[in-house]
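Novice: Sharing final-v3.txt, compact mmCIF, C-alpha atoms:
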```
# COMPACT_ATOMS: atom_id res chain seq x y z
CA MET A 111 91.60 57.38 103.89
CA ASP A 112 87.88 57.16 104.66
CA THR A 113 86.69 60.74 104.07
CA LEU A 114 83.13 60.97 103.02
CA THR A 115 81.56 57.54 103.48
CA ASP A 116 78.60 56.89 105.79
CA THR A 117 80.97 55.97 108.66
CA ALA A 118 82.03 59.63 108.70
CA ALA A 119 78.49 60.43 109.75
CA GLN A 120 78.56 57.89 112.58
CA VAL A 121 82.12 58.76 113.77
CA ALA A 122 81.32 61.92 115.74
CA HIS A 123 84.83 63.38 115.54
CA GLY A 124 87.56 62.81 113.06
CA TYR A 125 90.20 61.88 115.64
CA ILE A 126 88.25 58.96 117.10
CA THR A 127 89.85 56.46 114.73
CA GLU A 128 93.29 57.62 115.97
CA LYS A 129 92.24 58.11 119.58
CA ASP A 130 94.73 55.77 121.20
CA ARG A 131 97.64 57.39 119.40
CA TYR A 132 96.50 60.85 120.46
CA LEU A 133 96.12 59.66 124.07
CA ALA A 134 99.66 58.22 124.04
CA ARG A 135 101.10 61.45 122.62
CA LEU A 136 99.23 63.56 125.16
CA LYS A 137 100.42 61.30 128.00
CA ARG A 138 104.00 61.92 126.82
CA ILE A 139 103.33 65.68 126.70
CA GLU A 140 102.01 65.53 130.27
CA GLY A 141 105.25 63.79 131.23
CA GLN A 142 107.27 66.50 129.47
CA ALA A 143 105.39 69.16 131.45
CA ARG A 144 106.15 67.31 134.69
CA GLY A 145 109.79 67.03 133.59
CA ILE A 146 110.06 70.80 133.09
CA HIS A 147 108.55 71.35 136.54
CA ARG A 148 111.17 69.02 138.00
CA MET A 149 114.00 70.84 136.13
CA VAL A 150 112.95 74.15 137.70
CA SER A 151 112.59 72.60 141.17
CA GLU A 152 116.12 71.16 140.80
CA ASP A 153 117.54 74.55 139.64
CA ALA A 154 118.38 73.32 136.15
CA TYR A 155 120.13 75.75 133.78
CA CYS A 156 117.71 78.21 132.09
CA ILE A 157 118.76 77.29 128.54
CA ASP A 158 118.16 73.57 129.16
CA ILE A 159 114.65 74.35 130.44
CA LEU A 160 114.00 76.56 127.40
CA THR A 161 115.06 73.71 125.13
CA GLN A 162 112.47 71.45 126.76
CA ILE A 163 109.77 74.12 126.47
CA SER A 164 110.44 74.40 122.72
CA ALA A 165 110.21 70.61 122.46
CA ILE A 166 106.84 70.36 124.26
CA THR A 167 105.48 73.33 122.27
CA SER A 168 106.36 71.56 119.02
CA ALA A 169 104.79 68.32 120.27
CA LEU A 170 101.57 70.19 121.12
CA GLU A 171 101.56 71.90 117.71
CA ASN A 172 101.88 68.54 115.97
CA VAL A 173 98.94 67.14 117.94
CA ALA A 174 96.93 70.23 117.03
CA LEU A 175 97.80 69.92 113.33
CA GLY A 176 96.72 66.27 113.41
CA LEU A 177 93.42 67.09 115.10
CA LEU A 178 92.80 69.91 112.61
CA ASP A 179 93.50 67.61 109.67
CA ASP A 180 91.08 65.02 111.06
CA HIS A 181 88.51 67.74 111.75
CA LEU A 182 88.64 69.02 108.18
CA LYS A 183 88.44 65.50 106.71
CA HIS A 184 85.56 64.35 108.85
CA CYS A 185 83.61 67.02 110.71
CA VAL A 186 83.87 69.76 108.04
CA ALA A 187 83.75 67.42 105.02
CA GLY A 188 80.91 65.46 106.59
CA ALA A 189 78.90 68.63 107.25
CA ILE A 190 79.39 69.74 103.67
CA GLN A 191 78.35 66.41 102.27
CA HIS A 192 75.58 65.39 104.60
CA ASP A 193 74.15 68.42 106.27
CA GLY A 194 74.57 71.77 104.51
CA ALA A 195 73.02 73.74 107.39
CA GLU A 196 76.09 73.34 109.66
CA VAL A 197 78.69 74.10 107.01
CA GLU A 198 79.23 77.78 107.69
CA VAL A 199 79.57 77.15 111.42
CA LYS A 200 82.04 74.29 110.89
CA LEU A 201 84.13 76.31 108.42
CA LYS A 202 84.19 79.36 110.71
CA GLU A 203 85.18 77.20 113.70
CA ALA A 204 88.00 75.65 111.67
CA SER A 205 89.31 79.03 110.46
CA ASP A 206 89.17 80.47 113.98
CA ALA A 207 91.04 77.45 115.36
CA ILE A 208 93.70 77.82 112.63
CA ALA A 209 94.09 81.52 113.49
CA ARG A 210 94.53 80.75 117.20
CA LEU A 211 97.19 78.15 116.35
CA VAL A 212 99.07 80.48 113.99
CA LYS A 213 98.93 83.37 116.44
CA SER A 214 99.74 81.39 119.62
CA MET B 110 115.47 95.24 139.51
CA ASP B 111 118.70 93.73 140.79
CA THR B 112 120.65 93.20 137.53
CA LEU B 113 124.35 93.32 138.06
CA THR B 114 124.99 93.36 141.82
CA ASP B 115 127.01 90.72 143.65
CA THR B 116 123.84 88.69 144.39
CA ALA B 117 123.60 88.09 140.63
CA ALA B 118 126.93 86.31 140.87
CA GLN B 119 125.74 84.10 143.72
CA VAL B 120 122.25 83.44 142.17
CA ALA B 121 123.23 80.73 139.68
CA HIS B 122 120.22 81.25 137.41
CA GLY B 123 118.08 84.28 136.87
CA TYR B 124 114.79 82.54 137.58
CA ILE B 125 115.72 81.38 141.09
CA THR B 126 114.28 84.52 142.69
CA GLU B 127 110.93 83.75 140.97
CA LYS B 128 111.17 79.97 141.35
CA ASP B 129 107.96 79.43 143.29
CA ARG B 130 105.94 81.38 140.73
CA TYR B 131 107.44 79.37 137.86
CA LEU B 132 106.71 76.12 139.70
CA ALA B 133 103.08 77.16 140.24
CA ARG B 134 102.67 78.10 136.56
CA LEU B 135 104.25 74.83 135.42
CA LYS B 136 102.01 72.85 137.76
CA ARG B 137 98.99 74.54 136.11
CA ILE B 138 100.40 73.69 132.66
CA GLU B 139 100.79 70.06 133.71
CA GLY B 140 97.13 70.17 134.77
CA GLN B 141 96.16 71.65 131.41
CA ALA B 142 97.99 68.81 129.64
CA ARG B 143 96.13 66.27 131.78
CA GLY B 144 92.88 68.08 130.98
CA ILE B 145 93.48 67.79 127.23
CA HIS B 146 94.21 64.09 127.65
CA ARG B 147 90.89 63.72 129.50
CA MET B 148 89.03 65.66 126.76
CA VAL B 149 90.29 63.24 124.12
CA SER B 150 89.49 60.19 126.27
CA GLU B 151 85.95 61.55 126.73
CA ASP B 152 85.52 62.19 122.96
CA ALA B 153 85.33 65.96 123.34
CA TYR B 154 84.71 68.04 120.21
CA CYS B 155 87.90 68.65 118.14
CA ILE B 156 87.57 72.43 118.17
CA ASP B 157 87.27 72.54 121.98
CA ILE B 158 90.44 70.46 122.29
CA LEU B 159 92.23 72.75 119.81
CA THR B 160 91.20 75.75 121.91
CA GLN B 161 92.84 74.19 124.96
CA ILE B 162 96.00 73.34 123.02
CA SER B 163 96.32 77.01 121.95
CA ALA B 164 95.85 78.03 125.58
CA ILE B 165 98.57 75.71 126.92
CA THR B 166 100.92 76.68 124.08
CA SER B 167 100.51 80.35 125.01
CA ALA B 168 101.09 79.55 128.69
CA LEU B 169 104.30 77.71 127.82
CA GLU B 170 105.47 80.59 125.62
CA ASN B 171 104.92 83.05 128.45
CA VAL B 172 106.96 80.89 130.84
CA ALA B 173 109.71 80.69 128.22
CA LEU B 174 109.71 84.46 127.67
CA GLY B 175 109.99 84.98 131.43
CA LEU B 176 112.90 82.54 131.73
CA LEU B 177 114.62 84.18 128.76
CA ASP B 178 114.22 87.64 130.29
CA ASP B 179 115.67 86.40 133.59
CA HIS B 180 118.49 84.63 131.73
CA LEU B 181 119.47 87.80 129.87
CA LYS B 182 119.32 89.93 133.02
CA HIS B 183 121.34 87.57 135.18
CA CYS B 184 123.26 84.84 133.42
CA VAL B 185 124.18 86.82 130.28
CA ALA B 186 124.56 90.19 132.01
CA GLY B 187 126.53 88.56 134.85
CA ALA B 188 128.89 86.85 132.40
CA ILE B 189 129.48 90.13 130.60
CA GLN B 190 130.20 91.99 133.80
CA HIS B 191 132.05 89.42 135.83
CA ASP B 192 133.63 86.90 133.55
CA GLY B 193 134.29 87.93 129.96
CA ALA B 194 135.45 84.42 128.93
CA GLU B 195 131.91 82.96 128.97
CA VAL B 196 130.23 85.85 127.20
CA GLU B 197 130.27 84.50 123.67
CA VAL B 198 128.93 81.14 124.82
CA LYS B 199 126.14 82.76 126.87
CA LEU B 200 125.14 85.09 124.01
CA LYS B 201 125.14 82.23 121.47
CA GLU B 202 123.06 80.06 123.81
CA ALA B 203 120.55 82.89 124.27
CA SER B 204 120.26 83.57 120.53
CA ASP B 205 119.83 79.86 119.77
CA ALA B 206 117.13 79.57 122.45
CA ILE B 207 115.33 82.60 120.99
CA ALA B 208 115.48 81.06 117.49
CA ARG B 209 114.03 77.77 118.77
CA LEU B 210 111.19 79.66 120.46
CA VAL B 211 110.42 81.78 117.39
CA LYS B 212 110.52 78.78 115.07
CA SER B 213 108.60 76.34 117.31
CA MET C 81 133.73 87.64 117.02
CA ASP C 82 134.32 91.24 118.06
CA THR C 83 131.93 91.54 121.02
CA LEU C 84 133.11 93.94 123.61
CA THR C 85 136.09 95.81 122.12
CA ASP C 86 136.23 99.60 121.69
CA THR C 87 134.90 99.32 118.12
CA ALA C 88 131.65 98.06 119.65
CA ALA C 89 131.37 101.41 121.37
CA GLN C 90 131.84 103.32 118.13
CA VAL C 91 129.61 101.00 116.03
CA ALA C 92 126.24 102.42 117.00
CA HIS C 93 124.26 99.27 116.16
CA GLY C 94 125.34 95.69 116.01
CA TYR C 95 124.14 95.07 112.47
CA ILE C 96 126.25 97.82 110.89
CA THR C 97 129.14 95.43 110.19
CA GLU C 98 126.71 93.17 108.27
CA LYS C 99 124.68 96.02 106.75
CA ASP C 100 125.17 95.13 103.08
CA ARG C 101 124.05 91.54 103.67
CA TYR C 102 120.94 92.70 105.51
CA LEU C 103 120.15 95.17 102.72
CA ALA C 104 120.48 92.41 100.09
CA ARG C 105 118.22 90.07 102.08
CA LEU C 106 115.63 92.81 102.60
CA LYS C 107 115.73 93.68 98.88
CA ARG C 108 114.94 90.00 98.13
CA ILE C 109 112.09 90.10 100.66
CA GLU C 110 110.69 93.19 98.97
CA GLY C 111 110.84 91.24 95.68
CA GLN C 112 109.02 88.31 97.31
CA ALA C 113 106.27 90.68 98.48
CA ARG C 114 105.94 92.07 94.96
CA GLY C 115 105.83 88.49 93.64
CA ILE C 116 102.93 87.59 95.94
CA HIS C 117 101.07 90.71 94.79
CA ARG C 118 101.59 89.61 91.18
CA MET C 119 100.37 86.06 91.97
CA VAL C 120 97.10 87.43 93.34
CA SER C 121 96.67 89.85 90.43
CA GLU C 122 97.18 86.89 88.04
CA ASP C 123 94.65 84.73 89.94
CA ALA C 124 97.25 82.20 91.08
CA TYR C 125 96.04 79.18 93.08
CA CYS C 126 95.50 79.95 96.79
CA ILE C 127 97.83 77.21 98.03
CA ASP C 128 100.71 78.45 95.86
CA ILE C 129 100.25 81.95 97.27
CA LEU C 130 100.17 80.55 100.83
CA THR C 131 103.43 78.71 100.14
CA GLN C 132 105.08 81.99 99.16
CA ILE C 133 103.71 83.77 102.24
CA SER C 134 105.24 81.08 104.47
CA ALA C 135 108.55 81.54 102.64
CA ILE C 136 108.64 85.34 103.05
CA THR C 137 107.56 85.02 106.71
CA SER C 138 110.48 82.66 107.37
CA ALA C 139 112.88 85.01 105.56
CA LEU C 140 111.69 87.92 107.72
CA GLU C 141 112.05 85.83 110.89
CA ASN C 142 115.62 84.95 109.97
CA VAL C 143 116.47 88.62 109.42
CA ALA C 144 114.91 89.42 112.78
CA LEU C 145 116.85 86.67 114.56
CA GLY C 146 120.07 88.00 113.02
CA LEU C 147 119.34 91.57 114.08
CA LEU C 148 118.46 90.36 117.58
CA ASP C 149 121.70 88.39 117.85
CA ASP C 150 123.69 91.44 116.75
CA HIS C 151 121.73 93.64 119.14
CA LEU C 152 122.50 91.39 122.11
CA LYS C 153 126.19 91.11 121.18
CA HIS C 154 126.73 94.81 120.66
CA CYS C 155 124.06 97.17 121.94
CA VAL C 156 123.12 95.16 125.07
CA ALA C 157 126.62 93.81 125.78
CA GLY C 158 128.12 97.25 125.13
CA ALA C 159 125.68 98.92 127.51
CA ILE C 160 126.48 96.39 130.20
CA GLN C 161 130.21 96.82 129.78
CA HIS C 162 130.52 100.51 129.08
CA ASP C 163 127.50 102.31 130.43
CA GLY C 164 125.60 100.62 133.22
CA ALA C 165 122.85 103.29 133.29
CA GLU C 166 121.24 102.06 130.04
CA VAL C 167 121.38 98.36 130.84
CA GLU C 168 117.87 97.90 132.19
CA VAL C 169 116.37 99.78 129.26
CA LYS C 170 118.38 97.77 126.71
CA LEU C 171 117.49 94.45 128.36
CA LYS C 172 113.78 95.35 128.56
CA GLU C 173 113.79 96.45 124.91
CA ALA C 174 115.41 93.16 123.90
CA SER C 175 112.95 91.04 125.90
CA ASP C 176 109.97 92.98 124.51
CA ALA C 177 111.29 92.54 120.95
CA ILE C 178 111.73 88.79 121.56
CA ALA C 179 108.16 88.55 122.89
CA ARG C 180 106.78 90.35 119.81
CA LEU C 181 108.69 87.98 117.54
CA VAL C 182 107.55 84.86 119.39
CA LYS C 183 103.93 86.03 119.49
CA SER C 184 103.72 87.37 115.91
CA MET D 122 78.29 84.16 102.74
CA ASP D 123 78.05 82.39 99.37
CA THR D 124 79.64 79.00 100.15
CA LEU D 125 78.32 76.23 98.01
CA THR D 126 76.20 77.80 95.28
CA ASP D 127 76.94 77.41 91.57
CA THR D 128 79.03 80.61 91.58
CA ALA D 129 81.57 78.74 93.74
CA ALA D 130 82.10 76.39 90.80
CA GLN D 131 82.67 79.26 88.40
CA VAL D 132 84.85 81.32 90.84
CA ALA D 133 88.16 79.46 90.41
CA HIS D 134 89.62 80.55 93.75
CA GLY D 135 87.93 81.68 96.88
CA TYR D 136 89.82 84.95 97.17
CA ILE D 137 88.72 86.29 93.77
CA THR D 138 85.69 88.04 95.24
CA GLU D 139 88.02 89.90 97.64
CA LYS D 140 90.87 90.32 95.18
CA ASP D 141 91.11 94.11 95.29
CA ARG D 142 91.33 94.12 99.06
CA TYR D 143 94.07 91.49 99.02
CA LEU D 144 95.97 93.46 96.38
CA ALA D 145 95.74 96.65 98.49
CA ARG D 146 96.97 94.81 101.60
CA LEU D 147 99.84 93.22 99.69
CA LYS D 148 100.79 96.60 98.21
CA ARG D 149 101.01 97.97 101.79
CA ILE D 150 103.13 94.97 102.82
CA GLU D 151 105.48 95.63 99.90
CA GLY D 152 105.75 99.22 101.15
CA GLN D 153 106.51 97.97 104.68
CA ALA D 154 109.29 95.78 103.27
CA ARG D 155 110.73 98.78 101.43
CA GLY D 156 110.46 100.80 104.63
CA ILE D 157 112.48 98.24 106.59
CA HIS D 158 115.15 98.28 103.87
CA ARG D 159 115.30 102.08 104.17
CA MET D 160 115.58 101.87 108.01
CA VAL D 161 118.62 99.61 107.69
CA SER D 162 120.20 101.79 105.00
CA GLU D 163 119.72 104.82 107.28
CA ASP D 164 121.25 102.98 110.31
CA ALA D 165 118.00 102.95 112.29
CA TYR D 166 118.06 101.47 115.80
CA CYS D 167 117.84 97.64 115.83
CA ILE D 168 114.79 97.51 118.10
CA ASP D 169 112.82 99.89 115.85
CA ILE D 170 113.59 97.67 112.85
CA LEU D 171 112.55 94.56 114.81
CA THR D 172 109.25 96.26 115.67
CA GLN D 173 108.57 96.81 111.98
CA ILE D 174 109.49 93.21 111.13
CA SER D 175 106.97 91.95 113.72
CA ALA D 176 104.36 94.26 112.18
CA ILE D 177 104.89 93.04 108.60
CA THR D 178 104.99 89.40 109.77
CA SER D 179 101.60 89.85 111.45
CA ALA D 180 100.21 91.55 108.32
CA LEU D 181 101.39 88.62 106.19
CA GLU D 182 99.88 86.11 108.62
CA ASN D 183 96.53 87.90 108.45
CA VAL D 184 96.57 87.78 104.66
CA ALA D 185 97.41 84.08 104.82
CA LEU D 186 94.60 83.38 107.29
CA GLY D 187 92.16 85.19 104.99
CA LEU D 188 93.30 83.24 101.93
CA LEU D 189 93.07 79.98 103.88
CA ASP D 190 89.54 80.81 105.05
CA ASP D 191 88.50 81.59 101.46
CA HIS D 192 90.22 78.42 100.22
CA LEU D 193 88.34 76.23 102.71
CA LYS D 194 85.00 77.91 101.93
CA HIS D 195 85.32 77.71 98.17
CA CYS D 196 88.01 75.42 96.78
CA VAL D 197 87.77 72.69 99.45
CA ALA D 198 84.01 73.01 100.04
CA GLY D 199 83.41 73.16 96.26
CA ALA D 200 85.50 70.04 95.67
CA ILE D 201 83.58 68.19 98.35
CA GLN D 202 80.24 69.21 96.96
CA HIS D 203 80.83 69.12 93.24
CA ASP D 204 83.72 66.82 92.47
CA GLY D 205 84.53 64.15 95.04
CA ALA D 206 87.66 62.98 93.15
CA GLU D 207 89.72 66.06 94.14
CA VAL D 208 88.68 66.12 97.80
CA GLU D 209 91.61 64.26 99.29
CA VAL D 210 94.10 66.38 97.35
CA LYS D 211 92.40 69.63 98.36
CA LEU D 212 92.20 68.61 102.04
CA LYS D 213 95.86 67.48 102.09
CA GLU D 214 96.95 70.73 100.42
CA ALA D 215 94.99 72.74 103.01
CA SER D 216 96.44 70.81 105.97
CA ASP D 217 99.99 71.13 104.60
CA ALA D 218 99.50 74.89 104.10
CA ILE D 219 98.19 75.21 107.68
CA ALA D 220 101.23 73.30 108.99
CA ARG D 221 103.63 75.57 107.07
CA LEU D 222 101.89 78.63 108.50
CA VAL D 223 101.93 77.32 112.08
CA LYS D 224 105.57 76.27 111.84
CA SER D 225 106.87 79.34 109.99
```
Can you present the structure in this file as structure tokens?
Specialist:
Amino acid sequence: MDTLTDTAAQVAHGYITEKDRYLARLKRIEGQARGIHRMVSEDAYCIDILTQISAITSALENVALGLLDDHLKHCVAGAIQHDGAEVEVKLKEASDAIARLVKS
Amino acid sequence: MDTLTDTAAQVAHGYITEKDRYLARLKRIEGQARGIHRMVSEDAYCIDILTQISAITSALENVALGLLDDHLKHCVAGAIQHDGAEVEVKLKEASDAIARLVKS
Amino acid sequence: MDTLTDTAAQVAHGYITEKDRYLARLKRIEGQARGIHRMVSEDAYCIDILTQISAITSALENVALGLLDDHLKHCVAGAIQHDGAEVEVKLKEASDAIARLVKS
Amino acid sequence: MDTLTDTAAQVAHGYITEKDRYLARLKRIEGQARGIHRMVSEDAYCIDILTQISAITSALENVALGLLDDHLKHCVAGAIQHDGAEVEVKLKEASDAIARLVKS
């Protein structure tokens, strides 16, 4: 795992190296959202719709956890190593994002 | 609120009376998912993407809580009042759906 | 499962039949809380403390899901079957409790 | 906020500087747990117990978010600045702790 080498400085955001995988996952999530819309339009049973909502919520959480992991490894770690001035902002942003995820 | 009248028996699922509103909310959620996909494809900042993921997760949870409320008021309440045989199944389904929501 | 028989009417709350098990689980949770306090007082490593907080949070959620299941099967189902006047209040209480659990 | 000065190296864990406040909060949480046990033993109404469980779960989450914030600012930031060898372990531990919190 390339954490603190010079490339971290050039790679603006941690997720860039995994961008295609994130895009594929988000495309699937978009499809899940469309699927739930279709279930409601076709009067599907409430419990079946709820099952799909739990599934898409979990998928979104997993994307968020991946992005957060990348952010800590690259954006936060990079700021700490290369540019002390931004550290407090980066750390505060990360903690606030974690709080939103935990509380949502 | 029409909980246990005859119409409840005819209305297969609780959410049907609010169907258009659910469809509109789910269409917005689909748009949010597409928006997050676009943010990643345009190399948006990780924290901004995480903020949007928390927003769509909350929107999904609110749809789920609405569906669950309707389900309890109509499907579960209707089964209890009109057709005792299905009650245990309906109650178990509801509790399992609640557990999935709480744990997702 | 004794859902809607006369005993349900006498048993004020659904959990009464499982009371001893709930008390034992809550006593363990109290012990977990004391354990986390001790970890902090003994300068335990942050991650180890966080692991214990996730464990006690899950234990509390499971107790809550059990109480909610009992509440639906007895208090809500009983109100629907025996005393229509309280139904809307019971259903609203249940939905609000579910929302608090999902959002906490 | 003292993030990356020498004291961070001496302060083993981030939360040490706030230890008394964490101990006070955890003592209150232990009291809340005891209170819920007492509610069940006194046959309190299910919904009132569920309200207290949501309250203690939120209190625990807030303690966890504080510990995580301190951990990132001191343990993780300190490892990045002072001792590169531990960085990957510290970042992985932090991400795993975040995932447990989000999923619990």
Novice: At a cut-off of 8 Å, can you tabulate as a Markdown table every residue of chain C near chain D together with its closest atom pair and the distance in Å to one decimal, using all atoms listed in the file and ordering rows by chain then number?
Specialist:
```
| residue | atom | partner | partner_atom | distance |
| --- | --- | --- | --- | --- |
| C:His93 | CA | D:Tyr166 | CA | 6.6 |
| C:Gly94 | CA | D:Cys167 | CA | 7.8 |
| C:Tyr95 | CA | D:Cys167 | CA | 7.6 |
| C:Ile96 | CA | D:Asp164 | CA | 7.2 |
| C:Lys99 | CA | D:Val161 | CA | 7.1 |
| C:Tyr102 | CA | D:Val161 | CA | 7.6 |
| C:Leu103 | CA | D:His158 | CA | 6.0 |
| C:Leu106 | CA | D:His158 | CA | 5.6 |
| C:Lys107 | CA | D:His158 | CA | 6.8 |
| C:Ile109 | CA | D:Ala154 | CA | 6.8 |
| C:Glu110 | CA | D:Ala154 | CA | 5.2 |
| C:Ala113 | CA | D:Glu151 | CA | 5.2 |
| C:Arg114 | CA | D:Glu151 | CA | 6.1 |
| C:Ile116 | CA | D:Leu147 | CA | 7.4 |
| C:His117 | CA | D:Leu147 | CA | 5.6 |
| C:Val120 | CA | D:Leu144 | CA | 6.8 |
| C:Ser121 | CA | D:Leu144 | CA | 7.0 |
| C:Asp123 | CA | D:Ile137 | CA | 7.2 |
| C:Tyr125 | CA | D:His134 | CA | 6.6 |
| C:Cys126 | CA | D:His192 | CA | 6.5 |
| C:Ile127 | CA | D:Ala218 | CA | 6.7 |
| C:Leu130 | CA | D:Ala185 | CA | 6.0 |
| C:Thr131 | CA | D:Ala218 | CA | 6.8 |
| C:Ile133 | CA | D:Leu181 | CA | 6.7 |
| C:Ser134 | CA | D:Leu222 | CA | 5.8 |
| C:Ala135 | CA | D:Ser225 | CA | 7.9 |
| C:Thr137 | CA | D:Thr178 | CA | 5.9 |
| C:Ser138 | CA | D:Ser225 | CA | 5.6 |
| C:Leu140 | CA | D:Ile174 | CA | 6.7 |
| C:Glu141 | CA | D:Ile174 | CA | 7.8 |
| C:Ala144 | CA | D:Leu171 | CA | 6.0 |
| C:Leu147 | CA | D:Cys167 | CA | 6.5 |
| C:Leu148 | CA | D:Cys167 | CA | 7.5 |
| C:His151 | CA | D:Cys167 | CA | 6.5 |
| C:Glu173 | CA | D:Ile168 | CA | 7.0 |
| C:Ala174 | CA | D:Ile168 | CA | 7.3 |
| C:Ala177 | CA | D:Leu171 | CA | 6.6 |
| C:Arg180 | CA | D:Ser175 | CA | 6.3 |
| C:Leu181 | CA | D:Ser175 | CA | 5.8 |
| C:Ser184 | CA | D:Ser179 | CA | 5.5 |
```
Novice: Those same residues, written as a short mmCIF file (atom, residue, chain, number, x, y, z; two decimals), keeping the file's coordinate frame with C-alpha atoms?
Specialist:
```cif
data_model
loop_
_atom_site.label_atom_id
_atom_site.label_comp_id
_atom_site.auth_asym_id
_atom_site.auth_seq_id
_atom_site.Cartn_x
_atom_site.Cartn_y
_atom_site.Cartn_z
CA HIS C 93 124.26 99.27 116.16
CA GLY C 94 125.34 95.69 116.01
CA TYR C 95 124.14 95.07 112.47
CA ILE C 96 126.25 97.82 110.89
CA LYS C 99 124.68 96.02 106.75
CA TYR C 102 120.94 92.70 105.51
CA LEU C 103 120.15 95.17 102.72
CA LEU C 106 115.63 92.81 102.60
CA LYS C 107 115.73 93.68 98.88
CA ILE C 109 112.09 90.10 100.66
CA GLU C 110 110.69 93.19 98.97
CA ALA C 113 106.27 90.68 98.48
CA ARG C 114 105.94 92.07 94.96
CA ILE C 116 102.93 87.59 95.94
CA HIS C 117 101.07 90.71 94.79
CA VAL C 120 97.10 87.43 93.34
CA SER C 121 96.67 89.85 90.43
CA ASP C 123 94.65 84.73 89.94
CA TYR C 125 96.04 79.18 93.08
CA CYS C 126 95.50 79.95 96.79
CA ILE C 127 97.83 77.21 98.03
CA LEU C 130 100.17 80.55 100.83
CA THR C 131 103.43 78.71 100.14
CA ILE C 133 103.71 83.77 102.24
CA SER C 134 105.24 81.08 104.47
CA ALA C 135 108.55 81.54 102.64
CA THR C 137 107.56 85.02 106.71
CA SER C 138 110.48 82.66 107.37
CA LEU C 140 111.69 87.92 107.72
CA GLU C 141 112.05 85.83 110.89
CA ALA C 144 114.91 89.42 112.78
CA LEU C 147 119.34 91.57 114.08
CA LEU C 148 118.46 90.36 117.58
CA HIS C 151 121.73 93.64 119.14
CA GLU C 173 113.79 96.45 124.91
CA ALA C 174 115.41 93.16 123.90
CA ALA C 177 111.29 92.54 120.95
CA ARG C 180 106.78 90.35 119.81
CA LEU C 181 108.69 87.98 117.54
CA SER C 184 103.72 87.37 115.91
#
```
Novice: What is the atom CA of D:Ala198-atom CA of A:Gly176 distance in Å, reported with one decimal?
Specialist: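 Between atom CA of D:Ala198 and atom CA of A:Gly176 the gap works out to 19.6 Å.
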Novice: Would you work out the distance separating atom CA of D:Leu193 from atom CA of A:Thr127, expressed in Å to one decimal?
Specialist: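 Atom CA of D:Leu193 sits 23.2 Å away from atom CA of A:Thr127.
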Novice: How far is it from atom CA of A:Glu198 to atom CA of D:Gly199, in Å with one decimal?
Specialist: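 Rounded to one decimal, the two atoms are 13.0 Å apart.
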